[in-house]
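The structure appears below as structure tokens.
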Amino acid sequence: MIEVEWLGRLDYQVAWQRQKDLVAEREGADGPAALPDKLLLLEHPPTYTLGRRGHLGNLLWDEAERKRRGIAVYWVDRGGDVTYHGPGQLVGYPILDLRRLHSEQRGLARPDLRLYLRQLEETLIRALAVFKVDAYRYPGYTGVWVETAAGPRKIAAIGVKVSGQGVTSHGFALNVAPDLSHFAGIVPCGIHEHGVTSLAEMIGEGLSITTVLPAVANAFRQTLGVEVRFVTPPHSTYNE
């Protein structure tokens, strides 16, 4: 069972602390298996985050320009380089007992990080297919990609952390209908040769985050082979 919580639009630091608290709970005396897995779904205000392999050279706008545009910056403990979060982007933070999941599903003695990354990609590929978007994995790059007239473009970024006890945090960011101009302030994921796009650009119409939520939750159910249940429905906390 994965409990899905829709948190609405939440400051990055608040959401990060929420993840840390949930991971710590699962690493308590009774172990991760004593608590249900969770999928936190939310948006952030405009924010740049740099992961453990982040390079300041990939942060293109200076502090004055970021302040003018209202974009915060945080160094975080996920994998990967720099990425953008903002309104119109669906962010997902799975808090999963990966040891249990991969043991039950694949008979593995320890969690497989590469397998988990592929499972996140597959989840988003299936969710995008609901909207008739043919997304794919691009060899050599983590994340989810689509083909455009200008070539491959990333539509979803992935950066995760797995604790010593096999509990996941951080996750994915799916561009539904964000302000893509904010990506000009960074080299997204440190990739110079390819840009980014959004679901709205691909299908030629705007979509709300809440329209996409059910597709993502259902794709999680399909990919991970577990039941999912909304414990905080979208209408209860959403703030346009």
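Here's how to read the names in the structure tokens: chain A, B, ... by the order shown, residue numbers from 1 in each chain, ligand numbers from 1 in the order shown.
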Task: Nearby residues (only C-alpha atoms) at most 7 Å from range 199-212 of chain A, same-chain spacing under 5 positions excluded, as a list in words - done: Gly88, Leu90, Asn175, Val176, Ala177 and Pro234 of chain A
- [ ] Go through A:Ser169, A:Gln222, A:Thr148, A:Thr142 one by one, measure the shortest atom-to-atom distance of each to Arg26 in chain A using only C-alpha atoms, and give the residue with the smallest value.
- [x] A:Ser169
- [ ] Have a look at CA of Glu3 in chain A and CA of Gly164 in chain A and let me know their distance in Å, one decimal.
- [x]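 Taking CA of Glu3 in chain A as the start and CA of Gly164 in chain A as the end point, the length is 22.5 Å.
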Open item on the list: Quick one: residues within 8 Å of Pro188 in chain A, only C-alpha atoms, excluding same-chain residues fewer than 3 positions away - as a ChimeraX atom specification?
Closed with: /A:58,81-84,183,191-192,195-196
Any chance you could list, as a compact mmCIF listing (two decimals) with N, CA, C and O atoms, in the first residue's frame, the residues in range 8-225 of chain A that come up helix (DSSP H, G or I) when DSSP is run on the backbone?
```
# COMPACT_ATOMS: atom_id res chain seq x y z
N TYR A 12 9.99 24.84 -0.42
CA TYR A 12 10.89 23.70 -0.57
C TYR A 12 11.41 23.20 0.78
O TYR A 12 11.43 21.99 1.03
N GLN A 13 11.83 24.09 1.64
CA GLN A 13 12.39 23.67 2.93
C GLN A 13 11.37 22.93 3.78
O GLN A 13 11.71 21.98 4.49
N VAL A 14 10.11 23.36 3.71
CA VAL A 14 9.05 22.69 4.48
C VAL A 14 8.87 21.26 3.97
O VAL A 14 8.77 20.30 4.75
N ALA A 15 8.84 21.12 2.65
CA ALA A 15 8.67 19.79 2.07
C ALA A 15 9.88 18.90 2.35
O ALA A 15 9.74 17.69 2.60
N TRP A 16 11.07 19.47 2.31
CA TRP A 16 12.28 18.72 2.58
C TRP A 16 12.28 18.19 4.02
O TRP A 16 12.61 17.04 4.27
N GLN A 17 11.86 19.06 4.95
CA GLN A 17 11.79 18.62 6.34
C GLN A 17 10.75 17.53 6.52
O GLN A 17 10.95 16.59 7.30
N ARG A 18 9.64 17.64 5.80
CA ARG A 18 8.60 16.61 5.86
C ARG A 18 9.18 15.27 5.41
O ARG A 18 8.92 14.22 6.03
N GLN A 19 9.97 15.27 4.37
CA GLN A 19 10.60 14.04 3.91
C GLN A 19 11.53 13.47 4.98
O GLN A 19 11.53 12.26 5.26
N LYS A 20 12.37 14.33 5.56
CA LYS A 20 13.31 13.88 6.58
C LYS A 20 12.59 13.25 7.76
O LYS A 20 13.02 12.22 8.30
N ASP A 21 11.48 13.87 8.15
CA ASP A 21 10.71 13.34 9.29
C ASP A 21 10.15 11.96 8.96
O ASP A 21 10.19 11.04 9.81
N LEU A 22 9.61 11.80 7.75
CA LEU A 22 9.04 10.52 7.36
C LEU A 22 10.10 9.43 7.26
O LEU A 22 9.88 8.28 7.67
N VAL A 23 11.28 9.78 6.73
CA VAL A 23 12.36 8.81 6.65
C VAL A 23 12.79 8.40 8.05
O VAL A 23 12.98 7.21 8.34
N ALA A 24 12.94 9.39 8.95
CA ALA A 24 13.36 9.09 10.32
C ALA A 24 12.37 8.18 11.03
O ALA A 24 12.76 7.26 11.77
N GLU A 25 11.08 8.41 10.80
CA GLU A 25 10.06 7.54 11.40
C GLU A 25 10.25 6.10 10.96
O GLU A 25 10.10 5.16 11.76
N ARG A 26 10.58 5.92 9.69
CA ARG A 26 10.70 4.58 9.15
C ARG A 26 12.03 3.92 9.54
O ARG A 26 12.20 2.73 9.34
N PRO A 32 11.37 0.26 8.96
CA PRO A 32 10.52 0.82 7.91
C PRO A 32 9.23 0.07 7.67
O PRO A 32 8.20 0.64 7.36
N ALA A 33 9.26 -1.26 7.83
CA ALA A 33 8.08 -2.07 7.49
C ALA A 33 6.90 -1.80 8.40
O ALA A 33 5.77 -2.17 8.09
N ALA A 34 7.13 -1.12 9.53
CA ALA A 34 6.04 -0.86 10.47
C ALA A 34 5.14 0.27 10.01
O ALA A 34 4.05 0.46 10.56
N LEU A 56 28.24 25.03 -9.39
CA LEU A 56 27.78 26.42 -9.38
C LEU A 56 27.80 27.03 -10.78
O LEU A 56 27.03 27.94 -11.07
N GLY A 57 28.69 26.53 -11.64
CA GLY A 57 28.74 27.05 -13.00
C GLY A 57 27.48 26.80 -13.78
O GLY A 57 27.24 27.46 -14.81
N ASN A 58 26.64 25.86 -13.32
CA ASN A 58 25.37 25.58 -14.00
C ASN A 58 24.23 26.43 -13.47
O ASN A 58 23.09 26.28 -13.91
N GLU A 63 22.71 36.37 -8.08
CA GLU A 63 21.78 36.50 -6.95
C GLU A 63 20.77 37.62 -7.16
O GLU A 63 19.60 37.49 -6.81
N ALA A 64 21.21 38.74 -7.75
CA ALA A 64 20.31 39.87 -7.97
C ALA A 64 19.19 39.50 -8.93
O ALA A 64 18.02 39.85 -8.70
N GLU A 65 19.54 38.77 -10.00
CA GLU A 65 18.52 38.38 -10.97
C GLU A 65 17.56 37.36 -10.37
O GLU A 65 16.34 37.42 -10.59
N ARG A 66 18.08 36.42 -9.58
CA ARG A 66 17.21 35.44 -8.94
C ARG A 66 16.27 36.13 -7.95
O ARG A 66 15.08 35.77 -7.87
N LYS A 67 16.79 37.10 -7.23
CA LYS A 67 15.95 37.82 -6.28
C LYS A 67 14.87 38.60 -7.01
O LYS A 67 13.71 38.65 -6.56
N ARG A 68 15.22 39.21 -8.13
CA ARG A 68 14.24 39.97 -8.91
C ARG A 68 13.11 39.08 -9.39
O ARG A 68 11.95 39.49 -9.44
N ARG A 69 13.43 37.84 -9.71
CA ARG A 69 12.43 36.90 -10.22
C ARG A 69 11.80 36.05 -9.11
O ARG A 69 10.93 35.24 -9.39
N LEU A 98 12.44 0.57 0.24
CA LEU A 98 12.89 -0.05 -1.00
C LEU A 98 13.40 -1.48 -0.77
O LEU A 98 13.31 -2.33 -1.66
N ARG A 99 13.92 -1.75 0.43
CA ARG A 99 14.34 -3.12 0.73
C ARG A 99 13.16 -4.08 0.64
O ARG A 99 13.22 -5.14 0.02
N ARG A 100 12.07 -3.68 1.28
CA ARG A 100 10.87 -4.53 1.27
C ARG A 100 10.31 -4.65 -0.14
O ARG A 100 9.98 -5.76 -0.59
N LEU A 101 10.23 -3.51 -0.84
CA LEU A 101 9.63 -3.50 -2.16
C LEU A 101 10.40 -4.41 -3.12
O LEU A 101 9.81 -5.25 -3.82
N HIS A 102 11.71 -4.28 -3.15
CA HIS A 102 12.49 -5.05 -4.10
C HIS A 102 12.66 -6.50 -3.66
O HIS A 102 12.86 -7.39 -4.49
N SER A 103 12.57 -6.74 -2.37
CA SER A 103 12.60 -8.12 -1.89
C SER A 103 11.33 -8.86 -2.28
O SER A 103 11.38 -9.99 -2.80
N GLU A 104 10.17 -8.22 -2.07
CA GLU A 104 8.90 -8.86 -2.37
C GLU A 104 8.67 -8.99 -3.86
O GLU A 104 8.14 -10.01 -4.33
N GLN A 105 9.06 -7.98 -4.64
CA GLN A 105 8.77 -7.98 -6.06
C GLN A 105 9.81 -8.73 -6.90
O GLN A 105 9.48 -9.39 -7.87
N ARG A 106 11.08 -8.57 -6.52
CA ARG A 106 12.16 -9.08 -7.36
C ARG A 106 13.02 -10.13 -6.67
O ARG A 106 13.95 -10.65 -7.28
N LEU A 113 19.24 0.57 -6.68
CA LEU A 113 19.00 1.97 -7.00
C LEU A 113 18.71 2.16 -8.49
O LEU A 113 17.81 2.92 -8.86
N ARG A 114 19.45 1.49 -9.33
CA ARG A 114 19.22 1.65 -10.77
C ARG A 114 17.83 1.16 -11.16
O ARG A 114 17.15 1.79 -11.98
N LEU A 115 17.43 0.05 -10.59
CA LEU A 115 16.08 -0.45 -10.84
C LEU A 115 15.05 0.57 -10.40
O LEU A 115 14.06 0.83 -11.11
N TYR A 116 15.26 1.16 -9.24
CA TYR A 116 14.31 2.16 -8.73
C TYR A 116 14.21 3.36 -9.67
O TYR A 116 13.10 3.85 -9.95
N LEU A 117 15.34 3.85 -10.17
CA LEU A 117 15.32 4.96 -11.12
C LEU A 117 14.53 4.59 -12.37
O LEU A 117 13.74 5.40 -12.88
N ARG A 118 14.73 3.38 -12.85
CA ARG A 118 13.98 2.93 -14.04
C ARG A 118 12.48 2.83 -13.72
O ARG A 118 11.64 3.09 -14.59
N GLN A 119 12.14 2.44 -12.50
CA GLN A 119 10.73 2.35 -12.12
C GLN A 119 10.08 3.74 -12.08
O GLN A 119 8.93 3.90 -12.49
N LEU A 120 10.81 4.74 -11.59
CA LEU A 120 10.28 6.10 -11.60
C LEU A 120 10.09 6.58 -13.03
O LEU A 120 9.07 7.21 -13.37
N GLU A 121 11.06 6.31 -13.89
CA GLU A 121 10.92 6.71 -15.29
C GLU A 121 9.71 6.03 -15.92
O GLU A 121 8.92 6.67 -16.63
N GLU A 122 9.55 4.74 -15.67
CA GLU A 122 8.42 4.00 -16.24
C GLU A 122 7.09 4.56 -15.75
O GLU A 122 6.12 4.65 -16.52
N THR A 123 7.04 4.94 -14.49
CA THR A 123 5.82 5.53 -13.95
C THR A 123 5.43 6.78 -14.73
O THR A 123 4.26 6.95 -15.12
N LEU A 124 6.38 7.66 -14.99
CA LEU A 124 6.08 8.91 -15.69
C LEU A 124 5.80 8.67 -17.17
O LEU A 124 4.95 9.35 -17.75
N ILE A 125 6.48 7.71 -17.77
CA ILE A 125 6.20 7.37 -19.16
C ILE A 125 4.75 6.89 -19.30
O ILE A 125 4.03 7.29 -20.22
N ARG A 126 4.31 6.06 -18.37
CA ARG A 126 2.92 5.56 -18.41
C ARG A 126 1.93 6.69 -18.15
O ARG A 126 0.86 6.74 -18.79
N ALA A 127 2.26 7.57 -17.24
CA ALA A 127 1.35 8.69 -16.94
C ALA A 127 1.20 9.60 -18.16
O ALA A 127 0.09 10.04 -18.50
N LEU A 128 2.29 9.89 -18.84
CA LEU A 128 2.24 10.76 -20.01
C LEU A 128 1.48 10.10 -21.16
O LEU A 128 0.83 10.79 -21.97
N ALA A 129 1.54 8.79 -21.23
CA ALA A 129 0.82 8.08 -22.29
C ALA A 129 -0.69 8.31 -22.19
O ALA A 129 -1.40 8.26 -23.20
N LEU A 180 8.50 27.99 -18.39
CA LEU A 180 9.74 27.41 -18.88
C LEU A 180 10.86 28.43 -18.98
O LEU A 180 12.04 28.05 -19.07
N SER A 181 10.53 29.72 -18.95
CA SER A 181 11.59 30.73 -19.02
C SER A 181 12.51 30.66 -17.80
O SER A 181 13.67 31.08 -17.87
N HIS A 182 12.02 30.12 -16.69
CA HIS A 182 12.85 30.02 -15.49
C HIS A 182 13.98 29.00 -15.66
O HIS A 182 14.97 29.05 -14.92
N PHE A 183 13.85 28.09 -16.62
CA PHE A 183 14.93 27.15 -16.88
C PHE A 183 16.13 27.84 -17.53
O PHE A 183 17.23 27.27 -17.54
N ALA A 184 15.92 29.05 -18.06
CA ALA A 184 17.04 29.78 -18.67
C ALA A 184 18.07 30.22 -17.65
O ALA A 184 19.20 30.56 -18.01
N GLY A 185 17.70 30.18 -16.37
CA GLY A 185 18.63 30.58 -15.32
C GLY A 185 19.58 29.49 -14.88
O GLY A 185 20.44 29.73 -14.01
N PRO A 188 19.92 22.92 -17.02
CA PRO A 188 19.13 21.89 -16.35
C PRO A 188 19.84 20.54 -16.29
O PRO A 188 20.24 20.00 -17.32
N CYS A 189 20.02 20.04 -15.06
CA CYS A 189 20.67 18.75 -14.82
C CYS A 189 22.10 18.72 -15.37
O CYS A 189 22.67 17.64 -15.55
N GLY A 190 22.67 19.90 -15.65
CA GLY A 190 24.01 19.97 -16.18
C GLY A 190 24.12 19.54 -17.63
O GLY A 190 25.22 19.32 -18.15
N LEU A 199 4.37 19.23 -20.68
CA LEU A 199 3.19 18.55 -21.21
C LEU A 199 2.30 19.53 -21.96
O LEU A 199 1.76 19.20 -23.03
N ALA A 200 2.17 20.74 -21.44
CA ALA A 200 1.34 21.75 -22.11
C ALA A 200 1.88 22.06 -23.51
O ALA A 200 1.10 22.21 -24.46
N GLU A 201 3.20 22.16 -23.65
CA GLU A 201 3.77 22.41 -24.97
C GLU A 201 3.55 21.23 -25.90
O GLU A 201 3.31 21.41 -27.09
N MET A 202 3.62 20.04 -25.37
CA MET A 202 3.50 18.85 -26.22
C MET A 202 2.09 18.66 -26.75
O MET A 202 1.92 18.23 -27.90
N ILE A 203 1.08 18.98 -25.95
CA ILE A 203 -0.29 18.72 -26.40
C ILE A 203 -1.01 19.99 -26.84
O ILE A 203 -2.15 19.93 -27.30
N ILE A 209 -2.47 20.92 -12.55
CA ILE A 209 -1.78 19.85 -11.84
C ILE A 209 -2.77 18.77 -11.40
O ILE A 209 -2.50 17.57 -11.51
N THR A 210 -3.92 19.19 -10.92
CA THR A 210 -4.88 18.22 -10.40
C THR A 210 -5.43 17.29 -11.49
O THR A 210 -5.88 16.19 -11.20
N THR A 211 -5.37 17.74 -12.75
CA THR A 211 -5.79 16.88 -13.85
C THR A 211 -4.81 15.73 -14.05
O THR A 211 -5.21 14.61 -14.42
N VAL A 212 -3.55 15.96 -13.76
CA VAL A 212 -2.50 14.98 -14.00
C VAL A 212 -2.32 14.03 -12.82
O VAL A 212 -1.85 12.90 -12.99
N LEU A 213 -2.71 14.46 -11.63
CA LEU A 213 -2.50 13.66 -10.42
C LEU A 213 -3.00 12.21 -10.53
O LEU A 213 -2.26 11.28 -10.21
N PRO A 214 -4.24 11.99 -10.97
CA PRO A 214 -4.73 10.60 -11.01
C PRO A 214 -3.90 9.71 -11.94
O PRO A 214 -3.68 8.53 -11.64
N ALA A 215 -3.44 10.27 -13.06
CA ALA A 215 -2.65 9.49 -14.00
C ALA A 215 -1.33 9.06 -13.38
O ALA A 215 -0.88 7.93 -13.56
N VAL A 216 -0.70 9.95 -12.63
CA VAL A 216 0.58 9.63 -11.99
C VAL A 216 0.37 8.59 -10.89
O VAL A 216 1.12 7.61 -10.78
N ALA A 217 -0.66 8.78 -10.07
CA ALA A 217 -0.93 7.82 -8.99
C ALA A 217 -1.23 6.44 -9.55
O ALA A 217 -0.74 5.42 -9.04
N ASN A 218 -2.02 6.37 -10.62
CA ASN A 218 -2.37 5.09 -11.22
C ASN A 218 -1.15 4.43 -11.86
O ASN A 218 -0.99 3.20 -11.79
N ALA A 219 -0.28 5.24 -12.46
CA ALA A 219 0.94 4.69 -13.05
C ALA A 219 1.86 4.12 -11.98
O ALA A 219 2.55 3.12 -12.21
N PHE A 220 1.88 4.74 -10.80
CA PHE A 220 2.64 4.19 -9.68
C PHE A 220 2.11 2.80 -9.33
O PHE A 220 2.88 1.86 -9.08
N ARG A 221 0.80 2.68 -9.28
CA ARG A 221 0.18 1.38 -8.97
C ARG A 221 0.60 0.34 -9.99
O ARG A 221 0.97 -0.79 -9.63
N GLN A 222 0.58 0.70 -11.26
CA GLN A 222 0.92 -0.25 -12.31
C GLN A 222 2.38 -0.65 -12.27
O GLN A 222 2.73 -1.83 -12.36
N THR A 223 3.26 0.33 -12.12
CA THR A 223 4.69 0.08 -12.20
C THR A 223 5.22 -0.67 -10.98
O THR A 223 6.01 -1.61 -11.11
N LEU A 224 4.77 -0.27 -9.80
CA LEU A 224 5.28 -0.89 -8.57
C LEU A 224 4.46 -2.10 -8.14
O LEU A 224 4.88 -2.85 -7.26
```
Open item on the list: DSSP on the backbone: which residues in range 29-237 of chain A end up as strand (DSSP E or B)? Give the answer as a ChimeraX atom specification.
Closed with: /A:37-43,47-50,59,72-75,82-85,89-95,97,136,144-148,151-162,167-175,186,195-196,228-232
TODO: Tell me which of A:Thr197, A:Tyr93, A:Ala150, A:Glu227 sits closest to Pro178 in chain A, counting only C-alpha atoms.
DONE: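 Closest to Pro178 in chain A of all the choices is A:Thr197.
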- [ ] Just the residues within 6 Å of Arg9 in chain A, please, counting only C-alpha atoms, with nothing from its chain fewer than 4 positions along; format it as a PyMOL selection string.
- [x] chain A and resi 42-44
- [ ] May I have the residues within 7 Å of Val146 in chain A as JSON, numbers by chain, using only C-alpha atoms and disregarding those fewer than 2 positions away in the same chain?
- [x] {"A": [134, 135, 136, 148, 152, 153, 154, 155]}
Open item on the list: as an MDAnalysis selection string, please: the residues near range 170-172 of chain A (cut-off 8 Å, only C-alpha atoms, same-chain neighbours under 5 positions excluded).
Closed with: chainID A and resid 19 78 91:94 120 156:161
Task: Between CA of Leu108 in chain A and CA of Gln165 in chain A - distance in Å to one decimal - done: 14.5 Å
